[in-house]
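Worksheet: one structure, shown below.
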Amino acid sequence: MSYDPDNIFAKILSGDFPAYKVYEDDVAIAILDIMPQAAGHTLVIPKSASRNLLDADADALSKVMPVIQKIAHAVNSAFAADGVHIQQFNEAAAGQTVFHLHFHVIPRHDGVGIKPHTGEMEDQDVLATHAQKIKDALAQA
Ligand code: AMP
């Protein structure tokens, strides 16, 4: 299957659709997931266009991993997490719902489960507060 440039993350990358953006560099942006599986659930979205890992350019993939690490450190600190869960889905059969490569970065706490994937929409004020916490952690890094 080919890349559809009208997908929602392409629109967020181009600035045509709003998002709770917490980070941007030449390689990627990081935004809050609007249906978080846990507080602080962040998506790292490479700027390079691909549907997912399967059709991604290897060089683009190697450049995005340090961004994922940076965001993992930031959510770990911002949410006083006990661990950080990285997940990434490839094609609908594997659970992918938005077809522009992205990585889920989810702070986790001992003994606390996560909500279902693409579950409930989070309150806007809560998302704004969480975005600021992650930006503050990145500024202190
Ligand atoms: P995936 O199923 O791995 O393709 O994940 C797509 C993720 O994007 C899901 O966790 C959704 O909750 C999330 N999502 C969908 N639309 C938006 C949006 N406009 N802004 C932020 N996150 C979104």
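Note on naming: chains are A, B, ... as they come in the structure tokens, residues start from 1 per chain, ligands start from 1 in the order shown.
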Looking only at the backbone, which of the residues in segment 21-129 of chain A does DSSP tag as helix (DSSP H, G or I), as an NGL selection string? :A and (53-55 or 58-78 or 92-94 or 124-129)
Shell around segment 53-68 of chain A at 12 Å using only C-alpha atoms, local window under 2 positions removed, as a VMD selection string: chain A and resid 1 to 3 22 to 31 42 to 51 70 to 76 84 to 91 94 96 99 to 106 138
Can those selected residues be exported to a file as a PDB file, in the first residue's frame so that it contains C-alpha atoms?
```
ATOM      1  CA  MET A   1       0.000   0.000   0.000  1.00  0.00           C
ATOM      2  CA  SER A   2       1.187   3.514  -0.713  1.00  0.00           C
ATOM      3  CA  TYR A   3       1.567   6.537   1.545  1.00  0.00           C
ATOM      4  CA  VAL A  22       5.805  19.285  22.892  1.00  0.00           C
ATOM      5  CA  TYR A  23       8.936  19.035  20.736  1.00  0.00           C
ATOM      6  CA  GLU A  24      10.220  19.653  17.215  1.00  0.00           C
ATOM      7  CA  ASP A  25      13.570  19.353  15.485  1.00  0.00           C
ATOM      8  CA  ASP A  26      14.742  18.685  11.905  1.00  0.00           C
ATOM      9  CA  VAL A  27      13.891  15.005  12.179  1.00  0.00           C
ATOM     10  CA  ALA A  28      10.572  14.735  14.015  1.00  0.00           C
ATOM     11  CA  ILE A  29       7.852  16.288  16.112  1.00  0.00           C
ATOM     12  CA  ALA A  30       6.407  14.957  19.368  1.00  0.00           C
ATOM     13  CA  ILE A  31       2.730  15.539  20.182  1.00  0.00           C
ATOM     14  CA  THR A  42       3.237  11.070  23.541  1.00  0.00           C
ATOM     15  CA  LEU A  43       3.692  10.290  19.848  1.00  0.00           C
ATOM     16  CA  VAL A  44       7.013  10.810  18.074  1.00  0.00           C
ATOM     17  CA  ILE A  45       6.296  11.457  14.394  1.00  0.00           C
ATOM     18  CA  PRO A  46       9.205  11.540  11.911  1.00  0.00           C
ATOM     19  CA  LYS A  47       8.990  14.305   9.326  1.00  0.00           C
ATOM     20  CA  SER A  48      10.060  11.856   6.622  1.00  0.00           C
ATOM     21  CA  ALA A  49       6.957  10.380   4.927  1.00  0.00           C
ATOM     22  CA  SER A  50       6.275   6.666   5.252  1.00  0.00           C
ATOM     23  CA  ARG A  51       3.226   4.593   6.192  1.00  0.00           C
ATOM     24  CA  LYS A  70      14.784  12.223  24.432  1.00  0.00           C
ATOM     25  CA  ILE A  71      10.986  12.086  24.755  1.00  0.00           C
ATOM     26  CA  ALA A  72      11.180   8.899  26.857  1.00  0.00           C
ATOM     27  CA  HIS A  73      13.465  10.709  29.323  1.00  0.00           C
ATOM     28  CA  ALA A  74      11.144  13.728  29.375  1.00  0.00           C
ATOM     29  CA  VAL A  75       7.899  11.786  30.046  1.00  0.00           C
ATOM     30  CA  ASN A  76       9.706   9.620  32.594  1.00  0.00           C
ATOM     31  CA  VAL A  84       8.447   3.935  29.790  1.00  0.00           C
ATOM     32  CA  HIS A  85       6.633   1.798  27.249  1.00  0.00           C
ATOM     33  CA  ILE A  86       7.404   2.259  23.518  1.00  0.00           C
ATOM     34  CA  GLN A  87       4.935   0.812  21.014  1.00  0.00           C
ATOM     35  CA  GLN A  88       4.620   1.006  17.263  1.00  0.00           C
ATOM     36  CA  PHE A  89       2.084  -0.669  14.939  1.00  0.00           C
ATOM     37  CA  ASN A  90       2.540  -1.601  11.276  1.00  0.00           C
ATOM     38  CA  GLU A  91      -0.618  -1.852   9.127  1.00  0.00           C
ATOM     39  CA  ALA A  94      -1.231  -5.037  13.657  1.00  0.00           C
ATOM     40  CA  GLN A  96      -2.245   0.747  13.142  1.00  0.00           C
ATOM     41  CA  PHE A  99      -0.807   5.619   8.358  1.00  0.00           C
ATOM     42  CA  HIS A 100       2.194   7.894   8.877  1.00  0.00           C
ATOM     43  CA  LEU A 101       5.015   6.300  10.887  1.00  0.00           C
ATOM     44  CA  HIS A 102       4.882   7.138  14.597  1.00  0.00           C
ATOM     45  CA  PHE A 103       6.096   5.770  17.914  1.00  0.00           C
ATOM     46  CA  HIS A 104       4.024   5.736  21.104  1.00  0.00           C
ATOM     47  CA  VAL A 105       5.953   6.783  24.232  1.00  0.00           C
ATOM     48  CA  ILE A 106       3.919   5.946  27.340  1.00  0.00           C
ATOM     49  CA  LEU A 138      12.594  18.988  28.123  1.00  0.00           C
TER      50      LEU A 138
END
```
Which residues form the shell of 6 Å around ligand 1 when you count only C-alpha atoms and all ligand atoms, given as a PyMOL selection string? chain A and resi 19+32-35+88-89+95-98+117-118
Could you write out the selected residues, including all heavy atoms, as a compact mmCIF listing (two decimals), in the first residue's frame?
```txt
# COMPACT_ATOMS: atom_id res chain seq x y z
N ALA A 19 -2.34 20.49 17.16
CA ALA A 19 -1.91 19.37 18.02
C ALA A 19 -1.26 19.96 19.25
O ALA A 19 -0.84 21.12 19.26
CB ALA A 19 -0.91 18.49 17.27
N LEU A 32 1.15 15.19 21.98
CA LEU A 32 0.38 14.34 22.88
C LEU A 32 -0.65 13.55 22.08
O LEU A 32 -1.26 14.07 21.14
CB LEU A 32 -0.37 15.18 23.92
CG LEU A 32 0.47 15.77 25.05
CD1 LEU A 32 -0.47 16.30 26.12
CD2 LEU A 32 1.42 14.74 25.64
N ASP A 33 -0.83 12.29 22.46
CA ASP A 33 -1.93 11.48 21.92
C ASP A 33 -3.22 11.99 22.53
O ASP A 33 -3.31 12.14 23.75
CB ASP A 33 -1.70 10.00 22.26
CG ASP A 33 -2.58 9.08 21.44
OD1 ASP A 33 -3.82 9.26 21.45
OD2 ASP A 33 -2.04 8.17 20.80
N ILE A 34 -4.21 12.31 21.70
CA ILE A 34 -5.46 12.89 22.22
C ILE A 34 -6.36 11.83 22.86
O ILE A 34 -7.34 12.17 23.51
CB ILE A 34 -6.24 13.68 21.14
CG1 ILE A 34 -6.50 12.83 19.91
CG2 ILE A 34 -5.53 14.98 20.81
CD1 ILE A 34 -7.46 13.49 18.92
N MET A 35 -6.03 10.56 22.67
CA MET A 35 -6.75 9.46 23.36
C MET A 35 -5.71 8.66 24.14
O MET A 35 -5.41 7.50 23.80
CB MET A 35 -7.49 8.58 22.34
CG MET A 35 -8.64 9.29 21.67
SD MET A 35 -9.36 8.34 20.32
CE MET A 35 -8.58 9.12 18.91
N GLN A 88 4.66 0.54 18.66
CA GLN A 88 4.62 1.01 17.26
C GLN A 88 3.94 -0.09 16.44
O GLN A 88 4.31 -1.25 16.51
CB GLN A 88 6.06 1.26 16.80
CG GLN A 88 6.22 2.00 15.50
CD GLN A 88 6.19 1.06 14.33
OE1 GLN A 88 6.76 -0.03 14.37
NE2 GLN A 88 5.50 1.45 13.27
N PHE A 89 2.90 0.30 15.68
CA PHE A 89 2.08 -0.67 14.94
C PHE A 89 2.30 -0.51 13.43
O PHE A 89 2.43 0.60 12.93
CB PHE A 89 0.61 -0.43 15.23
CG PHE A 89 0.24 -0.49 16.69
CD1 PHE A 89 0.09 0.67 17.43
CD2 PHE A 89 0.08 -1.71 17.33
CE1 PHE A 89 -0.25 0.61 18.78
CE2 PHE A 89 -0.25 -1.77 18.68
CZ PHE A 89 -0.41 -0.61 19.41
N GLY A 95 -2.87 -3.30 14.22
CA GLY A 95 -3.46 -2.29 15.11
C GLY A 95 -3.22 -0.86 14.69
O GLY A 95 -3.67 0.07 15.36
N GLN A 96 -2.51 -0.64 13.57
CA GLN A 96 -2.25 0.75 13.14
C GLN A 96 -3.53 1.41 12.66
O GLN A 96 -4.32 0.79 11.92
CB GLN A 96 -1.19 0.76 12.02
CG GLN A 96 -0.75 2.18 11.64
CD GLN A 96 0.36 2.21 10.59
OE1 GLN A 96 0.71 1.17 10.01
NE2 GLN A 96 0.89 3.39 10.33
N THR A 97 -3.75 2.66 13.09
CA THR A 97 -4.95 3.39 12.67
C THR A 97 -4.62 4.68 11.92
O THR A 97 -5.47 5.21 11.21
CB THR A 97 -5.83 3.75 13.89
OG1 THR A 97 -5.08 4.52 14.80
CG2 THR A 97 -6.35 2.49 14.57
N VAL A 98 -3.41 5.22 12.10
CA VAL A 98 -2.98 6.42 11.35
C VAL A 98 -1.74 6.01 10.56
O VAL A 98 -0.75 5.54 11.15
CB VAL A 98 -2.68 7.61 12.28
CG1 VAL A 98 -2.18 8.79 11.46
CG2 VAL A 98 -3.91 8.01 13.09
N HIS A 117 -6.11 1.13 23.47
CA HIS A 117 -5.60 1.87 22.32
C HIS A 117 -6.78 2.57 21.62
O HIS A 117 -7.83 1.95 21.42
CB HIS A 117 -4.94 0.85 21.40
CG HIS A 117 -4.34 1.38 20.16
ND1 HIS A 117 -3.40 2.37 20.14
CD2 HIS A 117 -4.53 1.03 18.87
CE1 HIS A 117 -3.05 2.61 18.90
NE2 HIS A 117 -3.71 1.82 18.11
N THR A 118 -6.59 3.86 21.26
CA THR A 118 -7.64 4.70 20.65
C THR A 118 -8.96 4.57 21.41
O THR A 118 -10.01 4.27 20.83
CB THR A 118 -7.85 4.38 19.14
OG1 THR A 118 -8.28 3.05 18.99
CG2 THR A 118 -6.60 4.62 18.34
```
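Closest approach to Val112 of chain A among A:Ala92, A:Ala131, A:Ala78, A:Ala38: A:Ala38, based on only C-alpha atoms.
For the pair atom CA of Lys115 of chain A and atom CA of Lys135 of chain A, the interatomic distance is 23.5 Å.
Nearest to Gly113 of chain A of all the residues A:Pro18, A:Asp82, A:Phe9, A:Gln37 is A:Gln37, counting only C-alpha atoms.
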One decimal, in Å: what's the spacing between atom CA of His130 of chain A and atom CA of Gly40 of chain A? 6.0 Å
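Between atom CA of Thr129 of chain A and atom CA of Gly15 of chain A lies a distance of 21.2 Å.
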Tell me, which residues of chain A carry DSSP strand (DSSP E), written as a ChimeraX atom specification? /A:21-24,28-32,42-46,83-87,103-108
Output for the residues just chosen: C-alpha atoms as a tab-separated table (two decimals), in the first residue's frame:
```tsv
chain	number	residue	atom	x	y	z
A	21	LYS	CA	3.14	19.73	20.21
A	22	VAL	CA	5.80	19.28	22.89
A	23	TYR	CA	8.94	19.03	20.74
A	24	GLU	CA	10.22	19.65	17.22
A	28	ALA	CA	10.57	14.73	14.02
A	29	ILE	CA	7.85	16.29	16.11
A	30	ALA	CA	6.41	14.96	19.37
A	31	ILE	CA	2.73	15.54	20.18
A	32	LEU	CA	0.38	14.34	22.88
A	42	THR	CA	3.24	11.07	23.54
A	43	LEU	CA	3.69	10.29	19.85
A	44	VAL	CA	7.01	10.81	18.07
A	45	ILE	CA	6.30	11.46	14.39
A	46	PRO	CA	9.20	11.54	11.91
A	83	GLY	CA	9.15	2.87	33.36
A	84	VAL	CA	8.45	3.93	29.79
A	85	HIS	CA	6.63	1.80	27.25
A	86	ILE	CA	7.40	2.26	23.52
A	87	GLN	CA	4.93	0.81	21.01
A	103	PHE	CA	6.10	5.77	17.91
A	104	HIS	CA	4.02	5.74	21.10
A	105	VAL	CA	5.95	6.78	24.23
A	106	ILE	CA	3.92	5.95	27.34
A	107	PRO	CA	4.98	6.58	30.94
A	108	ARG	CA	4.17	3.59	33.17
```
